[in-house]
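Pasting structure.txt here (compact mmCIF, N, CA, C and O atoms):
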# COMPACT_ATOMS: atom_id res chain seq x y z
N MET A 256 -34.12 -30.69 -6.47
CA MET A 256 -33.64 -31.14 -7.76
C MET A 256 -33.37 -29.95 -8.68
O MET A 256 -32.33 -29.90 -9.32
N GLY A 257 -34.26 -28.99 -8.72
CA GLY A 257 -34.09 -27.83 -9.58
C GLY A 257 -32.92 -26.96 -9.15
O GLY A 257 -32.24 -26.36 -9.97
N SER A 258 -32.67 -26.90 -7.83
CA SER A 258 -31.56 -26.07 -7.35
C SER A 258 -30.21 -26.68 -7.72
O SER A 258 -29.24 -25.97 -7.95
N GLY A 259 -30.12 -28.00 -7.79
CA GLY A 259 -28.89 -28.67 -8.19
C GLY A 259 -28.54 -28.37 -9.64
O GLY A 259 -27.37 -28.14 -9.99
N ILE A 260 -29.56 -28.35 -10.48
CA ILE A 260 -29.35 -28.04 -11.90
C ILE A 260 -28.90 -26.59 -12.04
O ILE A 260 -27.98 -26.28 -12.80
N LEU A 261 -29.55 -25.72 -11.30
CA LEU A 261 -29.21 -24.30 -11.34
C LEU A 261 -27.77 -24.07 -10.86
O LEU A 261 -27.02 -23.31 -11.46
N ALA A 262 -27.38 -24.76 -9.79
CA ALA A 262 -26.02 -24.62 -9.25
C ALA A 262 -24.98 -25.09 -10.27
O ALA A 262 -23.96 -24.43 -10.48
N ARG A 263 -25.26 -26.23 -10.93
CA ARG A 263 -24.33 -26.74 -11.94
C ARG A 263 -24.23 -25.78 -13.13
O ARG A 263 -23.13 -25.54 -13.65
N ALA A 264 -25.34 -25.22 -13.52
CA ALA A 264 -25.34 -24.28 -14.64
C ALA A 264 -24.56 -23.02 -14.28
O ALA A 264 -23.82 -22.48 -15.10
N LEU A 265 -24.70 -22.57 -13.05
CA LEU A 265 -23.98 -21.40 -12.58
C LEU A 265 -22.47 -21.65 -12.58
O LEU A 265 -21.69 -20.82 -13.05
N VAL A 266 -22.06 -22.80 -12.10
CA VAL A 266 -20.63 -23.17 -12.08
C VAL A 266 -20.09 -23.26 -13.50
O VAL A 266 -19.00 -22.76 -13.80
N GLN A 267 -20.86 -23.88 -14.40
CA GLN A 267 -20.43 -23.99 -15.79
C GLN A 267 -20.29 -22.61 -16.43
O GLN A 267 -19.32 -22.33 -17.14
N ALA A 268 -21.24 -21.73 -16.17
CA ALA A 268 -21.20 -20.38 -16.74
C ALA A 268 -19.99 -19.62 -16.20
O ALA A 268 -19.32 -18.89 -16.96
N TYR A 269 -19.69 -19.78 -14.92
CA TYR A 269 -18.55 -19.11 -14.32
C TYR A 269 -17.25 -19.61 -14.93
O TYR A 269 -16.36 -18.82 -15.26
N ARG A 270 -17.14 -20.92 -15.08
CA ARG A 270 -15.94 -21.49 -15.71
C ARG A 270 -15.76 -20.97 -17.13
O ARG A 270 -14.65 -20.65 -17.55
N GLN A 271 -16.86 -20.90 -17.87
CA GLN A 271 -16.79 -20.41 -19.24
C GLN A 271 -16.39 -18.94 -19.27
O GLN A 271 -15.60 -18.52 -20.12
N ALA A 272 -16.91 -18.16 -18.35
CA ALA A 272 -16.54 -16.74 -18.27
C ALA A 272 -15.06 -16.59 -17.99
O ALA A 272 -14.39 -15.72 -18.57
N LEU A 273 -14.51 -17.39 -17.09
CA LEU A 273 -13.08 -17.36 -16.79
C LEU A 273 -12.25 -17.73 -18.02
O LEU A 273 -11.23 -17.11 -18.31
N THR A 274 -12.70 -18.75 -18.73
CA THR A 274 -12.00 -19.18 -19.94
C THR A 274 -12.01 -18.07 -20.98
O THR A 274 -10.98 -17.74 -21.57
N ASN A 275 -13.16 -17.45 -21.18
CA ASN A 275 -13.27 -16.36 -22.16
C ASN A 275 -12.40 -15.17 -21.75
O ASN A 275 -11.77 -14.55 -22.59
N ALA A 276 -12.40 -14.86 -20.47
CA ALA A 276 -11.61 -13.72 -19.99
C ALA A 276 -10.12 -13.98 -20.20
O ALA A 276 -9.38 -13.08 -20.60
N SER A 277 -9.67 -15.19 -19.95
CA SER A 277 -8.24 -15.48 -20.12
C SER A 277 -7.85 -15.47 -21.59
O SER A 277 -6.75 -15.06 -21.95
N LYS A 278 -8.76 -15.87 -22.47
CA LYS A 278 -8.47 -15.85 -23.90
C LYS A 278 -8.39 -14.43 -24.44
O LYS A 278 -7.58 -14.13 -25.30
N SER A 279 -9.25 -13.56 -23.93
CA SER A 279 -9.29 -12.19 -24.45
C SER A 279 -8.28 -11.27 -23.78
O SER A 279 -8.12 -10.13 -24.18
N GLY A 280 -7.62 -11.74 -22.74
CA GLY A 280 -6.63 -10.91 -22.06
C GLY A 280 -7.22 -10.04 -20.96
O GLY A 280 -6.51 -9.27 -20.34
N VAL A 281 -8.50 -10.14 -20.73
CA VAL A 281 -9.14 -9.33 -19.69
C VAL A 281 -8.59 -9.69 -18.32
O VAL A 281 -8.33 -8.82 -17.50
N ALA A 282 -8.38 -10.97 -18.08
CA ALA A 282 -7.86 -11.40 -16.79
C ALA A 282 -6.47 -10.82 -16.54
O ALA A 282 -6.17 -10.33 -15.46
N GLN A 283 -5.63 -10.85 -17.56
CA GLN A 283 -4.27 -10.32 -17.42
C GLN A 283 -4.30 -8.82 -17.17
O GLN A 283 -3.55 -8.29 -16.36
N GLU A 284 -5.19 -8.12 -17.88
CA GLU A 284 -5.31 -6.67 -17.70
C GLU A 284 -5.78 -6.34 -16.28
O GLU A 284 -5.28 -5.40 -15.66
N THR A 285 -6.70 -7.12 -15.77
CA THR A 285 -7.20 -6.91 -14.41
C THR A 285 -6.08 -7.10 -13.39
O THR A 285 -5.94 -6.31 -12.45
N ILE A 286 -5.27 -8.11 -13.58
CA ILE A 286 -4.15 -8.37 -12.68
C ILE A 286 -3.16 -7.21 -12.72
O ILE A 286 -2.70 -6.72 -11.69
N GLN A 287 -2.85 -6.72 -13.93
CA GLN A 287 -1.91 -5.60 -14.06
C GLN A 287 -2.45 -4.34 -13.39
O GLN A 287 -1.71 -3.61 -12.74
N ASN A 288 -3.75 -4.07 -13.55
CA ASN A 288 -4.36 -2.90 -12.90
C ASN A 288 -4.31 -3.02 -11.39
O ASN A 288 -4.06 -2.04 -10.69
N THR A 289 -4.52 -4.22 -10.88
CA THR A 289 -4.46 -4.44 -9.44
C THR A 289 -3.05 -4.21 -8.92
O THR A 289 -2.86 -3.58 -7.89
N ILE A 290 -2.07 -4.67 -9.65
CA ILE A 290 -0.67 -4.48 -9.25
C ILE A 290 -0.33 -3.00 -9.25
O ILE A 290 0.30 -2.49 -8.32
N ARG A 291 -0.75 -2.28 -10.29
CA ARG A 291 -0.47 -0.84 -10.37
C ARG A 291 -1.10 -0.10 -9.20
O ARG A 291 -0.49 0.78 -8.61
N ARG A 292 -2.34 -0.43 -8.87
CA ARG A 292 -3.01 0.24 -7.75
C ARG A 292 -2.34 -0.11 -6.43
O ARG A 292 -2.23 0.73 -5.56
N GLY A 293 -1.91 -1.36 -6.28
CA GLY A 293 -1.29 -1.79 -5.04
C GLY A 293 0.07 -1.18 -4.80
O GLY A 293 0.49 -0.99 -3.67
N SER A 294 0.78 -0.86 -5.87
CA SER A 294 2.14 -0.34 -5.72
C SER A 294 2.17 1.19 -5.84
O SER A 294 3.24 1.75 -6.02
N LYS A 295 1.02 1.80 -5.77
CA LYS A 295 0.96 3.26 -5.89
C LYS A 295 1.78 3.90 -4.79
O LYS A 295 1.68 3.55 -3.63
N ALA A 296 2.62 4.83 -5.18
CA ALA A 296 3.52 5.47 -4.22
C ALA A 296 2.72 6.34 -3.25
O ALA A 296 1.71 6.94 -3.61
N MET A 297 3.20 6.39 -2.04
CA MET A 297 2.57 7.20 -1.01
C MET A 297 2.98 8.65 -1.21
O MET A 297 4.13 8.96 -1.49
N GLY A 298 2.03 9.54 -1.05
CA GLY A 298 2.31 10.96 -1.19
C GLY A 298 2.85 11.54 0.11
O GLY A 298 2.70 10.96 1.19
N GLU A 299 3.47 12.71 0.00
CA GLU A 299 4.07 13.35 1.17
C GLU A 299 3.02 13.68 2.23
O GLU A 299 3.24 13.46 3.43
N GLN A 300 1.87 14.18 1.80
CA GLN A 300 0.83 14.56 2.76
C GLN A 300 0.33 13.34 3.54
O GLN A 300 0.18 13.38 4.76
N GLU A 301 0.11 12.23 2.84
CA GLU A 301 -0.33 11.00 3.50
C GLU A 301 0.74 10.51 4.48
O GLU A 301 0.43 10.09 5.60
N ALA A 302 1.99 10.56 4.07
CA ALA A 302 3.09 10.13 4.93
C ALA A 302 3.15 10.97 6.20
O ALA A 302 3.32 10.44 7.31
N ARG A 303 2.97 12.28 6.05
CA ARG A 303 2.99 13.17 7.23
C ARG A 303 1.81 12.89 8.15
O ARG A 303 1.94 12.93 9.36
N GLN A 304 0.65 12.59 7.57
CA GLN A 304 -0.53 12.26 8.38
C GLN A 304 -0.30 10.98 9.17
O GLN A 304 -0.64 10.90 10.35
N ILE A 305 0.26 9.98 8.52
CA ILE A 305 0.49 8.69 9.18
C ILE A 305 1.44 8.85 10.36
O ILE A 305 1.20 8.32 11.45
N LEU A 306 2.52 9.60 10.15
CA LEU A 306 3.51 9.78 11.22
C LEU A 306 3.12 10.88 12.20
O LEU A 306 3.72 10.99 13.27
N GLY A 307 2.16 11.70 11.84
CA GLY A 307 1.73 12.77 12.73
C GLY A 307 2.75 13.89 12.85
O GLY A 307 2.99 14.40 13.93
N VAL A 308 3.37 14.24 11.72
CA VAL A 308 4.37 15.31 11.71
C VAL A 308 3.92 16.40 10.75
O VAL A 308 3.08 16.17 9.88
N THR A 309 4.50 17.58 10.90
CA THR A 309 4.16 18.70 10.02
C THR A 309 5.31 18.96 9.06
O THR A 309 6.38 18.34 9.16
N GLU A 310 5.11 19.92 8.18
CA GLU A 310 6.17 20.30 7.24
C GLU A 310 7.34 20.96 7.96
O GLU A 310 8.46 20.96 7.47
N GLN A 311 7.08 21.51 9.14
CA GLN A 311 8.13 22.17 9.91
C GLN A 311 8.93 21.20 10.78
O GLN A 311 9.93 21.58 11.38
N SER A 312 8.50 19.95 10.84
CA SER A 312 9.20 18.97 11.68
C SER A 312 10.60 18.71 11.13
O SER A 312 10.80 18.63 9.91
N THR A 313 11.55 18.55 12.04
CA THR A 313 12.92 18.24 11.64
C THR A 313 13.01 16.75 11.31
O THR A 313 12.13 15.96 11.67
N TRP A 314 14.11 16.37 10.65
CA TRP A 314 14.30 14.96 10.32
C TRP A 314 14.40 14.12 11.60
O TRP A 314 13.88 13.01 11.65
N ASP A 315 15.06 14.65 12.63
CA ASP A 315 15.18 13.91 13.89
C ASP A 315 13.81 13.67 14.53
O ASP A 315 13.55 12.58 15.06
N GLU A 316 12.92 14.65 14.46
CA GLU A 316 11.56 14.48 14.99
C GLU A 316 10.80 13.41 14.21
O GLU A 316 10.08 12.59 14.80
N ILE A 317 10.98 13.40 12.90
CA ILE A 317 10.32 12.39 12.06
C ILE A 317 10.81 10.99 12.42
O ILE A 317 10.02 10.07 12.58
N VAL A 318 12.12 10.84 12.59
CA VAL A 318 12.69 9.53 12.92
C VAL A 318 12.21 9.07 14.29
O VAL A 318 11.85 7.90 14.47
N LYS A 319 12.17 9.98 15.27
CA LYS A 319 11.69 9.61 16.61
C LYS A 319 10.24 9.16 16.56
O LYS A 319 9.85 8.17 17.18
N ARG A 320 9.42 9.90 15.81
CA ARG A 320 8.00 9.55 15.69
C ARG A 320 7.84 8.20 15.00
O ARG A 320 7.02 7.38 15.40
N TYR A 321 8.66 7.96 13.98
CA TYR A 321 8.64 6.67 13.28
C TYR A 321 8.96 5.54 14.24
O TYR A 321 8.25 4.53 14.27
N GLU A 322 10.02 5.71 15.02
CA GLU A 322 10.43 4.64 15.95
C GLU A 322 9.35 4.33 16.96
O GLU A 322 9.07 3.16 17.26
N VAL A 323 8.71 5.37 17.50
CA VAL A 323 7.63 5.16 18.49
C VAL A 323 6.48 4.39 17.86
O VAL A 323 6.00 3.39 18.42
N LEU A 324 6.02 4.84 16.69
CA LEU A 324 4.88 4.20 16.04
C LEU A 324 5.21 2.78 15.57
O LEU A 324 4.39 1.86 15.69
N PHE A 325 6.42 2.59 15.05
CA PHE A 325 6.82 1.27 14.56
C PHE A 325 6.85 0.27 15.72
O PHE A 325 6.31 -0.83 15.62
N GLU A 326 7.45 0.67 16.83
CA GLU A 326 7.53 -0.23 17.99
C GLU A 326 6.16 -0.49 18.60
O GLU A 326 5.86 -1.59 19.03
N ARG A 327 5.33 0.55 18.65
CA ARG A 327 3.98 0.39 19.21
C ARG A 327 3.18 -0.62 18.40
O ARG A 327 2.48 -1.46 18.95
N ASN A 328 3.30 -0.56 17.07
CA ASN A 328 2.57 -1.51 16.23
C ASN A 328 3.21 -2.89 16.22
O ASN A 328 2.54 -3.88 15.97
N ALA A 329 4.50 -2.97 16.50
CA ALA A 329 5.15 -4.27 16.64
C ALA A 329 4.63 -4.98 17.88
O ALA A 329 4.39 -6.18 17.87
N ALA A 330 4.42 -4.21 18.95
CA ALA A 330 3.93 -4.78 20.20
C ALA A 330 2.47 -5.24 20.07
O ALA A 330 2.09 -6.26 20.63
N SER A 331 1.68 -4.48 19.33
CA SER A 331 0.26 -4.84 19.20
C SER A 331 0.03 -5.87 18.10
O SER A 331 -1.06 -6.40 17.98
N GLY A 332 1.05 -6.13 17.29
CA GLY A 332 0.95 -7.17 16.28
C GLY A 332 0.29 -6.75 14.98
O GLY A 332 -0.18 -7.57 14.23
N SER A 333 0.24 -5.45 14.71
CA SER A 333 -0.39 -4.99 13.47
C SER A 333 0.66 -4.79 12.39
O SER A 333 1.25 -3.72 12.27
N PHE A 334 0.87 -5.82 11.58
CA PHE A 334 1.85 -5.75 10.51
C PHE A 334 1.43 -4.73 9.46
O PHE A 334 2.27 -4.03 8.91
N TYR A 335 0.12 -4.62 9.20
CA TYR A 335 -0.37 -3.66 8.20
C TYR A 335 0.00 -2.23 8.61
O TYR A 335 0.55 -1.47 7.81
N LEU A 336 -0.28 -1.87 9.86
CA LEU A 336 0.04 -0.52 10.32
C LEU A 336 1.55 -0.30 10.35
O LEU A 336 2.04 0.78 10.02
N GLN A 337 2.28 -1.32 10.74
CA GLN A 337 3.74 -1.23 10.75
C GLN A 337 4.27 -0.93 9.36
O GLN A 337 5.15 -0.09 9.19
N SER A 338 3.71 -1.60 8.35
CA SER A 338 4.19 -1.37 6.99
C SER A 338 3.80 0.02 6.50
O SER A 338 4.58 0.65 5.77
N LYS A 339 2.63 0.53 6.90
CA LYS A 339 2.24 1.89 6.52
C LYS A 339 3.20 2.91 7.15
O LYS A 339 3.62 3.86 6.50
N VAL A 340 3.55 2.70 8.40
CA VAL A 340 4.47 3.59 9.10
C VAL A 340 5.83 3.55 8.41
O VAL A 340 6.46 4.59 8.19
N HIS A 341 6.28 2.37 8.05
CA HIS A 341 7.58 2.23 7.38
C HIS A 341 7.58 2.91 6.01
O HIS A 341 8.53 3.62 5.66
N LYS A 342 6.50 2.72 5.25
CA LYS A 342 6.40 3.37 3.93
C LYS A 342 6.37 4.88 4.07
O LYS A 342 6.94 5.60 3.25
N ALA A 343 5.69 5.36 5.11
CA ALA A 343 5.63 6.81 5.35
C ALA A 343 7.02 7.37 5.62
O ALA A 343 7.41 8.40 5.08
N LYS A 344 7.79 6.65 6.44
CA LYS A 344 9.16 7.09 6.73
C LYS A 344 10.01 7.07 5.46
O LYS A 344 10.77 8.00 5.20
N GLU A 345 9.88 6.03 4.66
CA GLU A 345 10.65 5.95 3.41
C GLU A 345 10.31 7.11 2.48
O GLU A 345 11.20 7.69 1.85
N CYS A 346 9.04 7.45 2.40
CA CYS A 346 8.60 8.55 1.54
C CYS A 346 9.22 9.86 2.01
O CYS A 346 9.79 10.61 1.21
N LEU A 347 9.13 10.13 3.31
CA LEU A 347 9.67 11.38 3.84
C LEU A 347 11.20 11.39 3.79
O LEU A 347 11.81 12.44 3.61
N GLU A 348 11.80 10.22 3.91
CA GLU A 348 13.26 10.13 3.82
C GLU A 348 13.72 10.50 2.41
O GLU A 348 14.69 11.23 2.24
N ALA A 349 13.00 10.03 1.40
CA ALA A 349 13.34 10.37 0.02
C ALA A 349 13.18 11.88 -0.20
O ALA A 349 14.02 12.51 -0.84
N MET A 350 12.12 12.46 0.36
CA MET A 350 11.91 13.91 0.24
C MET A 350 13.04 14.67 0.94
O MET A 350 13.55 15.66 0.41
N HIS A 351 13.42 14.18 2.12
CA HIS A 351 14.48 14.82 2.89
C HIS A 351 15.81 14.78 2.13
O HIS A 351 16.55 15.76 2.09
N GLN A 352 16.11 13.64 1.53
CA GLN A 352 17.36 13.49 0.77
C GLN A 352 17.38 14.41 -0.45
O GLN A 352 18.41 15.02 -0.75
N LYS A 353 16.25 14.54 -1.12
CA LYS A 353 16.18 15.45 -2.27
C LYS A 353 16.40 16.89 -1.85
O LYS A 353 17.11 17.63 -2.51
N GLN A 354 15.80 17.27 -0.71
CA GLN A 354 15.95 18.65 -0.23
C GLN A 354 17.38 18.94 0.19
O GLN A 354 17.93 19.99 -0.09
N SER A 355 18.02 17.98 0.86
CA SER A 355 19.40 18.21 1.32
C SER A 355 20.37 18.22 0.13
O SER A 355 21.38 18.90 0.17
N GLN A 356 20.08 17.47 -0.92
CA GLN A 356 20.94 17.49 -2.11
C GLN A 356 20.81 18.81 -2.87
O GLN A 356 21.80 19.35 -3.35
N SER A 357 19.57 19.31 -2.96
CA SER A 357 19.38 20.58 -3.69
C SER A 357 19.88 21.77 -2.88
O SER A 357 20.28 22.78 -3.45
N ALA A 358 19.91 21.63 -1.55
CA ALA A 358 20.44 22.72 -0.71
C ALA A 358 21.96 22.71 -0.67
O ALA A 358 22.59 23.73 -0.44
N GLY A 359 22.55 21.56 -0.87
CA GLY A 359 24.02 21.43 -0.74
C GLY A 359 24.74 21.44 -1.99
O GLY A 359 24.86 21.94 -2.96
Give the structure from the file, written as structure tokens.
Amino acid sequence: MGSGILARALVQAYRQALTNASKSGVAQETIQNTIRRGSKAMGEQEARQILGVTEQSTWDEIVKRYEVLFERNAASGSFYLQSKVHKAKECLEAMHQKQSQSAG
């Protein structure tokens, strides 16, 4: 009997906390912070680590490595790893395009 009362009080307190958070904007701020953290751009070093390439690697070597890793993760069914590999290639592709534009 006492545990039922405690459970109801806990649920009521949680609901009230959610209501207070939404009124004060805390909930919205938390959502925005989560979105910012989730969309954080991948750095060049992380991209190179994921693809297993060095700074001396040519663009063709990077693309070949990307294709191997992307297909390997497609076969094993790891969408998360596939997306990391794809983001790494996009990051290095943007770096490559910037370098070729400044050189040309």
### Separation of atom N of Leu336 in chain A from CA of Gln352 in chain A, in Å and rounded to one decimal
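Result for atom N of Leu336 in chain A versus CA of Gln352 in chain A: 25.1 Å, one decimal.
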### Message
Give me the residues near range 313-326 of chain A as a list in words, where near means some atom within 7 Å (using only C-alpha atoms) and where sequence neighbours in that chain fewer than 3 positions away do not count.
### Response
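My reading of the contact set: Leu306, Val308, Ala329, Ala330, Gln337, Val340 and Lys344 of chain A.
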### Query
Out of A:Ala302, A:Ser333, A:Gln271, A:Ile260, which residue has the shortest atom-to-atom distance to Glu345 in chain A when counting all atoms listed in the file?
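Smallest distance to Glu345 in chain A is found for A:Ala302.
Picture a line from atom C of Lys342 in chain A to atom O of Ala358 in chain A; it runs 25.3 Å.
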### Message
For a test of reading the model, state the distance in Å between atom O of Gln300 in chain A and atom O of Ala343 in chain A, rounded to one decimal.
### Response
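Computed distance, atom O of Gln300 in chain A to atom O of Ala343 in chain A, equals 8.8 Å.
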### Task
Just the residues within 8 Å of Glu299 in chain A, please, counting only C-alpha atoms, with nothing from its chain fewer than 5 positions along; format it as a ChimeraX atom specification.
/A:343,346-347,350
Since the input lacks atoms, please generate all heavy atoms for range 303-314 of chain A and provide them as an mmCIF file, in the frame of the given file.
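Output file part01.cif is given in full below:
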data_model
loop_
_atom_site.group_PDB
_atom_site.id
_atom_site.type_symbol
_atom_site.label_atom_id
_atom_site.label_comp_id
_atom_site.auth_asym_id
_atom_site.auth_seq_id
_atom_site.Cartn_x
_atom_site.Cartn_y
_atom_site.Cartn_z
ATOM 1 N N ARG A 303 2.970 12.280 6.050
ATOM 2 C CA ARG A 303 2.990 13.170 7.230
ATOM 3 C C ARG A 303 1.810 12.890 8.150
ATOM 4 O O ARG A 303 1.940 12.930 9.360
ATOM 5 C CB ARG A 303 3.005 14.622 6.780
ATOM 6 C CG ARG A 303 4.333 15.034 6.168
ATOM 7 C CD ARG A 303 4.445 16.530 5.956
ATOM 8 N NE ARG A 303 5.674 16.870 5.258
ATOM 9 C CZ ARG A 303 6.873 16.891 5.821
ATOM 10 N NH1 ARG A 303 7.002 16.601 7.096
ATOM 11 N NH2 ARG A 303 7.947 17.203 5.121
ATOM 12 N N GLN A 304 0.650 12.590 7.570
ATOM 13 C CA GLN A 304 -0.530 12.260 8.380
ATOM 14 C C GLN A 304 -0.300 10.980 9.170
ATOM 15 O O GLN A 304 -0.640 10.900 10.350
ATOM 16 C CB GLN A 304 -1.760 12.093 7.501
ATOM 17 C CG GLN A 304 -2.366 13.395 7.055
ATOM 18 C CD GLN A 304 -3.607 13.159 6.199
ATOM 19 O OE1 GLN A 304 -3.639 12.241 5.384
ATOM 20 N NE2 GLN A 304 -4.596 14.005 6.398
ATOM 21 N N ILE A 305 0.260 9.980 8.520
ATOM 22 C CA ILE A 305 0.490 8.690 9.180
ATOM 23 C C ILE A 305 1.440 8.850 10.360
ATOM 24 O O ILE A 305 1.200 8.320 11.450
ATOM 25 C CB ILE A 305 1.019 7.649 8.174
ATOM 26 C CG1 ILE A 305 -0.101 7.263 7.215
ATOM 27 C CG2 ILE A 305 1.574 6.419 8.885
ATOM 28 C CD1 ILE A 305 0.350 6.438 6.034
ATOM 29 N N LEU A 306 2.520 9.600 10.150
ATOM 30 C CA LEU A 306 3.510 9.780 11.220
ATOM 31 C C LEU A 306 3.120 10.880 12.200
ATOM 32 O O LEU A 306 3.720 10.990 13.270
ATOM 33 C CB LEU A 306 4.886 10.064 10.625
ATOM 34 C CG LEU A 306 5.513 8.912 9.838
ATOM 35 C CD1 LEU A 306 6.840 9.339 9.238
ATOM 36 C CD2 LEU A 306 5.684 7.690 10.702
ATOM 37 N N GLY A 307 2.160 11.700 11.840
ATOM 38 C CA GLY A 307 1.730 12.770 12.730
ATOM 39 C C GLY A 307 2.750 13.890 12.850
ATOM 40 O O GLY A 307 2.990 14.400 13.930
ATOM 41 N N VAL A 308 3.370 14.240 11.720
ATOM 42 C CA VAL A 308 4.370 15.310 11.710
ATOM 43 C C VAL A 308 3.920 16.400 10.750
ATOM 44 O O VAL A 308 3.080 16.170 9.880
ATOM 45 C CB VAL A 308 5.771 14.789 11.324
ATOM 46 C CG1 VAL A 308 6.285 13.807 12.365
ATOM 47 C CG2 VAL A 308 5.756 14.151 9.954
ATOM 48 N N THR A 309 4.500 17.580 10.900
ATOM 49 C CA THR A 309 4.160 18.700 10.020
ATOM 50 C C THR A 309 5.310 18.960 9.060
ATOM 51 O O THR A 309 6.380 18.340 9.160
ATOM 52 C CB THR A 309 3.908 19.980 10.844
ATOM 53 O OG1 THR A 309 5.130 20.352 11.491
ATOM 54 C CG2 THR A 309 2.811 19.764 11.878
ATOM 55 N N GLU A 310 5.110 19.920 8.180
ATOM 56 C CA GLU A 310 6.170 20.300 7.240
ATOM 57 C C GLU A 310 7.340 20.960 7.960
ATOM 58 O O GLU A 310 8.460 20.960 7.470
ATOM 59 C CB GLU A 310 5.612 21.234 6.171
ATOM 60 C CG GLU A 310 4.669 20.545 5.216
ATOM 61 C CD GLU A 310 4.142 21.463 4.125
ATOM 62 O OE1 GLU A 310 4.757 22.512 3.877
ATOM 63 O OE2 GLU A 310 3.118 21.114 3.534
ATOM 64 N N GLN A 311 7.080 21.510 9.140
ATOM 65 C CA GLN A 311 8.130 22.170 9.910
ATOM 66 C C GLN A 311 8.930 21.200 10.780
ATOM 67 O O GLN A 311 9.930 21.580 11.380
ATOM 68 C CB GLN A 311 7.533 23.271 10.802
ATOM 69 C CG GLN A 311 7.031 24.492 10.057
ATOM 70 C CD GLN A 311 5.695 24.254 9.345
ATOM 71 O OE1 GLN A 311 4.879 23.486 9.816
ATOM 72 N NE2 GLN A 311 5.510 24.905 8.205
ATOM 73 N N SER A 312 8.500 19.950 10.840
ATOM 74 C CA SER A 312 9.200 18.970 11.680
ATOM 75 C C SER A 312 10.600 18.710 11.130
ATOM 76 O O SER A 312 10.800 18.630 9.910
ATOM 77 C CB SER A 312 8.425 17.652 11.716
ATOM 78 O OG SER A 312 7.158 17.833 12.288
ATOM 79 N N THR A 313 11.550 18.550 12.040
ATOM 80 C CA THR A 313 12.920 18.240 11.640
ATOM 81 C C THR A 313 13.010 16.750 11.310
ATOM 82 O O THR A 313 12.130 15.960 11.670
ATOM 83 C CB THR A 313 13.924 18.569 12.750
ATOM 84 O OG1 THR A 313 13.658 17.706 13.867
ATOM 85 C CG2 THR A 313 13.820 20.022 13.168
ATOM 86 N N TRP A 314 14.110 16.370 10.650
ATOM 87 C CA TRP A 314 14.300 14.960 10.320
ATOM 88 C C TRP A 314 14.400 14.120 11.600
ATOM 89 O O TRP A 314 13.880 13.010 11.650
ATOM 90 C CB TRP A 314 15.516 14.780 9.430
ATOM 91 C CG TRP A 314 15.773 13.337 9.123
ATOM 92 C CD1 TRP A 314 16.847 12.604 9.492
ATOM 93 C CD2 TRP A 314 14.904 12.448 8.421
ATOM 94 N NE1 TRP A 314 16.708 11.306 9.059
ATOM 95 C CE2 TRP A 314 15.508 11.184 8.391
ATOM 96 C CE3 TRP A 314 13.654 12.598 7.820
ATOM 97 C CZ2 TRP A 314 14.924 10.073 7.783
ATOM 98 C CZ3 TRP A 314 13.071 11.490 7.208
ATOM 99 C CH2 TRP A 314 13.710 10.249 7.195
#
